Structures are given as structure tokens and as C-alpha cells.
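K.L.:
I have a structure here, written as C-alpha cells, and I will follow up with some questions on it.
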Amino acid sequence: MHEVSLCRQVAAAVTRATAGRHVQTVYVTVGELRQVVPEAMAHAWTFVVRGTALDGARLELHHVQAVVTCDDCQHNTRLGRQLGFDCPACGSSRTHVSAGEEFVLTAVDVDGPDDDCTPEQEGTLDGALSPS
């Protein structure tokens, strides 16, 4: 179950980035080609953060459908159950996956600075995250 490992990595990144602030919600964008089972991820999150500074924080997953883009005509096609990657618009086999491989920690909702947080630490996050 790789969801536990993914949750551990997300929790570590959020803990570093939030500098002791109380975390309400963690937002992660997950492409459908990442083979993440949402229910397993939610369960793993609860297990991973239990007893940590993130205990009680919600995990919100935003799912991105897999899309194939034709290099010749730029047509976008939702990748379905079929295994073919040929462009349905022009028949070209020159296509690439343009969406659906994401696994991105996109945002974190925090309450505010922790009582132990110094004024210099307040508002300083890893750069990829910002308080709401």
C-alpha cells in the first residue's frame, strides 16, 4: 500500500512548511495514472498523522483525469479504458500524456502562528506553500 509512504512524505513536507502552525486542511492534486486509491489515501493519512502535530488535519484530494495530447494536431483526448494512445481526431500515433501523472502538494490551510513561533518565523514557509 504505497499510500502510506505518500502520506508520510506529504506530512513531512507540511510539517516543515507550516513552522508550528495548526494545520486545518492539506490539499493534494493526484492524477489518475498515479494509481492512488482515494479511500486508502484517506485512511493512511489518518493513521500517519495520528499523535503528531498534524493530528486532526483533513486531507483533500483533487483528482485529475488522464489526458493524451496529439503532437500533430494538438487534440486533447481523455484517456479511457482503451489502451490505444493514437489520436482519434487525426489518427497520429505521436501523442503524449499531458495530464494525469500529477502528485502535487498544492496548498495548506493553517490557523495562524503558533505561540512558540517567533515573529521572524511567522509567514515563512517553504515557498511552495502559503497560509490562507
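In the C-alpha cells, chains take the letters A, B, ... in the order shown, each chain's residues start at 1, and ligands count up from 1 in the order shown.
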Can you pull out the residues contacting Glu39 of chain A? Cut-off 12 Å, using only C-alpha atoms, and skip same-chain residues under 6 positions away; I want them as a ChimeraX atom specification.
P.N.:
/A:1,3-4,45-46,59-61
K.L.:
I want to know what sits within 7 Å of Thr106 of chain A, based on only C-alpha atoms, with residues of the same chain fewer than 3 positions away left out; could you give that as a PDB file with N, CA, C and O atoms, in the first residue's frame?
P.N.:
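Printed below is around13.pdb as written:
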ATOM      1  N   TYR A  27      -4.103  20.068   0.891  1.00  0.00           N
ATOM      2  CA  TYR A  27      -4.656  19.835  -0.439  1.00  0.00           C
ATOM      3  C   TYR A  27      -3.595  19.198  -1.335  1.00  0.00           C
ATOM      4  O   TYR A  27      -2.487  19.723  -1.460  1.00  0.00           O
ATOM      5  N   VAL A  28      -3.970  18.088  -1.957  1.00  0.00           N
ATOM      6  CA  VAL A  28      -3.054  17.374  -2.840  1.00  0.00           C
ATOM      7  C   VAL A  28      -3.779  17.095  -4.161  1.00  0.00           C
ATOM      8  O   VAL A  28      -4.916  16.644  -4.176  1.00  0.00           O
ATOM      9  N   THR A  29      -3.096  17.390  -5.262  1.00  0.00           N
ATOM     10  CA  THR A  29      -3.612  17.088  -6.591  1.00  0.00           C
ATOM     11  C   THR A  29      -3.012  15.760  -7.026  1.00  0.00           C
ATOM     12  O   THR A  29      -1.789  15.596  -6.992  1.00  0.00           O
TER      13      THR A  29
END
K.L.:
Which residues, written as number ranges by chain, have at least one atom at most 9 Å from segment 93-100 of chain A, with only C-alpha atoms counted and residues fewer than 2 positions away on the same chain left out?
P.N.:
A: 30-34, 63-72, 74, 76, 79, 85-87, 91, 102-103
K.L.:
Select from segment 14-93 of chain A everything DSSP, run on the backbone, classes as strand (DSSP E), then give the selection as a PyMOL selection string.
P.N.:
chain A and resi 23-31+58-64+67-70+76-78
K.L.:
Work out how far atom CA of Cys73 of chain A is from atom CA of Gln35 of chain A, in Å to one decimal.
P.N.:
28.7 Å
K.L.:
Any chance you could list, as a compact mmCIF listing (two decimals) with all heavy atoms, in the first residue's frame, the residues in segment 1-131 of chain A that come up helix (DSSP H, G or I) when DSSP is run on the backbone?
P.N.:
# COMPACT_ATOMS: atom_id res chain seq x y z
N HIS A 2 1.16 1.79 -1.19
CA HIS A 2 2.06 2.92 -1.29
C HIS A 2 1.45 4.22 -0.78
O HIS A 2 2.14 5.21 -0.60
CB HIS A 2 2.58 3.07 -2.72
CG HIS A 2 1.58 3.56 -3.71
ND1 HIS A 2 0.53 2.81 -4.17
CD2 HIS A 2 1.48 4.76 -4.31
CE1 HIS A 2 -0.17 3.51 -5.02
NE2 HIS A 2 0.37 4.69 -5.13
N GLU A 3 0.15 4.22 -0.49
CA GLU A 3 -0.50 5.41 0.05
C GLU A 3 0.10 5.83 1.39
O GLU A 3 0.21 7.02 1.69
CB GLU A 3 -2.01 5.19 0.18
CG GLU A 3 -2.77 5.22 -1.12
CD GLU A 3 -2.78 3.90 -1.87
OE1 GLU A 3 -2.15 2.92 -1.41
OE2 GLU A 3 -3.42 3.83 -2.92
N VAL A 4 0.53 4.86 2.20
CA VAL A 4 1.15 5.18 3.50
C VAL A 4 2.45 5.95 3.27
O VAL A 4 2.70 6.98 3.91
CB VAL A 4 1.39 3.91 4.34
CG1 VAL A 4 2.22 4.23 5.58
CG2 VAL A 4 0.07 3.26 4.74
N SER A 5 3.26 5.49 2.36
CA SER A 5 4.51 6.16 2.04
C SER A 5 4.26 7.57 1.49
O SER A 5 4.95 8.52 1.87
CB SER A 5 5.31 5.34 1.03
OG SER A 5 6.49 6.00 0.67
N LEU A 6 3.29 7.70 0.62
CA LEU A 6 2.95 9.01 0.07
C LEU A 6 2.50 9.96 1.18
O LEU A 6 2.90 11.12 1.23
CB LEU A 6 1.86 8.88 -0.99
CG LEU A 6 2.24 8.16 -2.27
CD1 LEU A 6 1.02 7.93 -3.15
CD2 LEU A 6 3.31 8.92 -3.03
N CYS A 7 1.66 9.46 2.09
CA CYS A 7 1.17 10.29 3.19
C CYS A 7 2.30 10.71 4.12
O CYS A 7 2.33 11.84 4.60
CB CYS A 7 0.09 9.55 3.98
SG CYS A 7 -1.51 9.51 3.13
N ARG A 8 3.25 9.82 4.35
CA ARG A 8 4.40 10.18 5.18
C ARG A 8 5.19 11.32 4.56
O ARG A 8 5.63 12.24 5.25
CB ARG A 8 5.30 8.96 5.39
CG ARG A 8 4.75 7.98 6.39
CD ARG A 8 5.72 6.86 6.65
NE ARG A 8 5.17 5.95 7.64
CZ ARG A 8 5.30 4.64 7.61
NH1 ARG A 8 5.99 4.07 6.64
NH2 ARG A 8 4.76 3.90 8.54
N GLN A 9 5.40 11.26 3.25
CA GLN A 9 6.14 12.31 2.56
C GLN A 9 5.38 13.64 2.59
O GLN A 9 5.97 14.70 2.81
CB GLN A 9 6.44 11.90 1.12
CG GLN A 9 7.38 10.72 1.02
CD GLN A 9 8.72 11.01 1.69
OE1 GLN A 9 9.32 12.06 1.50
NE2 GLN A 9 9.18 10.08 2.51
N VAL A 10 4.06 13.59 2.37
CA VAL A 10 3.25 14.80 2.42
C VAL A 10 3.27 15.38 3.83
O VAL A 10 3.45 16.59 4.01
CB VAL A 10 1.80 14.51 1.96
CG1 VAL A 10 0.88 15.69 2.25
CG2 VAL A 10 1.77 14.17 0.47
N ALA A 11 3.09 14.53 4.83
CA ALA A 11 3.08 15.00 6.22
C ALA A 11 4.41 15.66 6.58
O ALA A 11 4.45 16.70 7.25
CB ALA A 11 2.77 13.85 7.16
N ALA A 12 5.51 15.07 6.15
CA ALA A 12 6.84 15.64 6.44
C ALA A 12 6.98 17.01 5.78
O ALA A 12 7.47 17.96 6.41
CB ALA A 12 7.94 14.70 5.97
N ALA A 13 6.55 17.14 4.54
CA ALA A 13 6.65 18.42 3.83
C ALA A 13 5.77 19.49 4.49
O ALA A 13 6.20 20.63 4.67
CB ALA A 13 6.26 18.25 2.36
N VAL A 14 4.57 19.10 4.87
CA VAL A 14 3.65 20.05 5.51
C VAL A 14 4.19 20.47 6.87
O VAL A 14 4.16 21.66 7.22
CB VAL A 14 2.24 19.43 5.64
CG1 VAL A 14 1.34 20.29 6.53
CG2 VAL A 14 1.61 19.26 4.27
N THR A 15 4.71 19.54 7.64
CA THR A 15 5.26 19.86 8.95
C THR A 15 6.40 20.87 8.83
O THR A 15 6.46 21.84 9.58
CB THR A 15 5.72 18.57 9.67
OG1 THR A 15 4.59 17.71 9.82
CG2 THR A 15 6.32 18.88 11.02
N ARG A 16 7.29 20.63 7.89
CA ARG A 16 8.40 21.58 7.66
C ARG A 16 7.88 22.95 7.23
O ARG A 16 8.35 23.98 7.70
CB ARG A 16 9.35 21.05 6.58
CG ARG A 16 10.33 20.00 7.05
CD ARG A 16 11.40 19.74 5.98
NE ARG A 16 10.87 19.52 4.63
CZ ARG A 16 10.48 18.35 4.15
NH1 ARG A 16 10.55 17.26 4.89
NH2 ARG A 16 10.03 18.24 2.91
N ALA A 17 6.93 22.95 6.33
CA ALA A 17 6.47 24.20 5.73
C ALA A 17 5.61 25.05 6.65
O ALA A 17 5.58 26.27 6.50
CB ALA A 17 5.70 23.91 4.45
N THR A 18 4.92 24.45 7.58
CA THR A 18 3.97 25.21 8.39
C THR A 18 4.58 25.78 9.66
O THR A 18 3.91 26.53 10.37
CB THR A 18 2.74 24.36 8.72
OG1 THR A 18 3.15 23.15 9.35
CG2 THR A 18 1.94 24.07 7.46
N GLU A 32 -4.91 10.51 -12.17
CA GLU A 32 -5.45 9.15 -12.11
C GLU A 32 -4.44 8.09 -12.53
O GLU A 32 -4.59 6.92 -12.18
CB GLU A 32 -6.75 9.02 -12.90
CG GLU A 32 -6.65 9.10 -14.38
CD GLU A 32 -8.01 8.97 -15.05
OE1 GLU A 32 -8.91 8.30 -14.52
OE2 GLU A 32 -8.16 9.56 -16.13
N LEU A 33 -3.37 8.48 -13.21
CA LEU A 33 -2.35 7.49 -13.58
C LEU A 33 -1.41 7.17 -12.42
O LEU A 33 -0.57 6.28 -12.54
CB LEU A 33 -1.56 7.99 -14.79
CG LEU A 33 -2.37 8.15 -16.08
CD1 LEU A 33 -1.50 8.71 -17.18
CD2 LEU A 33 -3.00 6.82 -16.49
N ARG A 34 -1.51 7.87 -11.32
CA ARG A 34 -0.68 7.62 -10.14
C ARG A 34 -1.14 6.41 -9.35
O ARG A 34 -0.49 6.00 -8.40
CB ARG A 34 -0.64 8.85 -9.22
CG ARG A 34 0.17 9.96 -9.76
CD ARG A 34 1.61 9.54 -9.76
NE ARG A 34 2.38 10.46 -10.59
CZ ARG A 34 3.62 10.24 -10.93
NH1 ARG A 34 4.24 9.17 -10.53
NH2 ARG A 34 4.25 11.09 -11.69
N PRO A 38 -8.28 6.68 -3.46
CA PRO A 38 -8.66 7.76 -2.55
C PRO A 38 -9.01 7.29 -1.13
O PRO A 38 -8.57 7.90 -0.16
CB PRO A 38 -9.87 8.40 -3.23
CG PRO A 38 -9.71 8.07 -4.66
CD PRO A 38 -9.05 6.72 -4.70
N GLU A 39 -9.76 6.22 -1.02
CA GLU A 39 -10.15 5.72 0.30
C GLU A 39 -8.93 5.24 1.09
O GLU A 39 -8.81 5.46 2.28
CB GLU A 39 -11.18 4.58 0.18
CG GLU A 39 -12.49 5.01 -0.42
CD GLU A 39 -12.47 5.09 -1.95
OE1 GLU A 39 -11.53 4.56 -2.59
OE2 GLU A 39 -13.39 5.72 -2.50
N ALA A 40 -8.01 4.58 0.39
CA ALA A 40 -6.78 4.11 1.04
C ALA A 40 -5.91 5.28 1.46
O ALA A 40 -5.30 5.27 2.54
CB ALA A 40 -6.00 3.18 0.11
N MET A 41 -5.87 6.32 0.63
CA MET A 41 -5.08 7.51 0.96
C MET A 41 -5.66 8.21 2.19
O MET A 41 -4.92 8.62 3.09
CB MET A 41 -5.05 8.45 -0.24
CG MET A 41 -4.14 9.62 -0.09
SD MET A 41 -2.45 9.18 -0.51
CE MET A 41 -1.70 10.79 -0.47
N ALA A 42 -6.97 8.34 2.24
CA ALA A 42 -7.63 8.99 3.39
C ALA A 42 -7.37 8.20 4.67
O ALA A 42 -7.08 8.78 5.72
CB ALA A 42 -9.13 9.13 3.13
N HIS A 43 -7.48 6.89 4.59
CA HIS A 43 -7.23 6.04 5.76
C HIS A 43 -5.76 6.14 6.17
O HIS A 43 -5.45 6.27 7.36
CB HIS A 43 -7.61 4.59 5.47
CG HIS A 43 -7.35 3.68 6.61
ND1 HIS A 43 -8.11 3.72 7.77
CD2 HIS A 43 -6.41 2.72 6.80
CE1 HIS A 43 -7.63 2.81 8.62
NE2 HIS A 43 -6.61 2.20 8.05
N ALA A 44 -4.86 6.09 5.22
CA ALA A 44 -3.44 6.18 5.51
C ALA A 44 -3.10 7.52 6.16
O ALA A 44 -2.31 7.58 7.10
CB ALA A 44 -2.61 5.99 4.23
N TRP A 45 -3.71 8.60 5.68
CA TRP A 45 -3.47 9.92 6.25
C TRP A 45 -3.83 9.95 7.73
O TRP A 45 -3.06 10.42 8.56
CB TRP A 45 -4.26 10.99 5.49
CG TRP A 45 -4.09 12.36 6.06
CD1 TRP A 45 -4.97 13.06 6.82
CD2 TRP A 45 -2.94 13.21 5.91
NE1 TRP A 45 -4.46 14.27 7.16
CE2 TRP A 45 -3.21 14.40 6.60
CE3 TRP A 45 -1.72 13.07 5.25
CZ2 TRP A 45 -2.30 15.44 6.67
CZ3 TRP A 45 -0.82 14.12 5.31
CH2 TRP A 45 -1.10 15.28 6.01
N THR A 46 -5.01 9.44 8.06
CA THR A 46 -5.45 9.40 9.46
C THR A 46 -4.46 8.64 10.32
O THR A 46 -4.11 9.06 11.42
CB THR A 46 -6.84 8.75 9.55
OG1 THR A 46 -7.74 9.49 8.73
CG2 THR A 46 -7.36 8.76 10.97
N PHE A 47 -3.99 7.52 9.81
CA PHE A 47 -3.02 6.68 10.53
C PHE A 47 -1.67 7.38 10.67
O PHE A 47 -1.07 7.38 11.74
CB PHE A 47 -2.87 5.35 9.77
CG PHE A 47 -1.77 4.49 10.26
CD1 PHE A 47 -1.89 3.78 11.45
CD2 PHE A 47 -0.58 4.37 9.54
CE1 PHE A 47 -0.85 2.97 11.91
CE2 PHE A 47 0.45 3.57 9.99
CZ PHE A 47 0.32 2.87 11.18
N VAL A 48 -1.18 7.98 9.62
CA VAL A 48 0.15 8.61 9.60
C VAL A 48 0.21 9.82 10.52
O VAL A 48 1.22 10.04 11.20
CB VAL A 48 0.56 8.98 8.16
CG1 VAL A 48 1.76 9.92 8.13
CG2 VAL A 48 0.87 7.71 7.36
N VAL A 49 -0.84 10.65 10.55
CA VAL A 49 -0.79 11.88 11.34
C VAL A 49 -1.24 11.72 12.79
O VAL A 49 -1.07 12.63 13.59
CB VAL A 49 -1.57 13.04 10.66
CG1 VAL A 49 -1.02 13.32 9.28
CG2 VAL A 49 -3.06 12.75 10.62
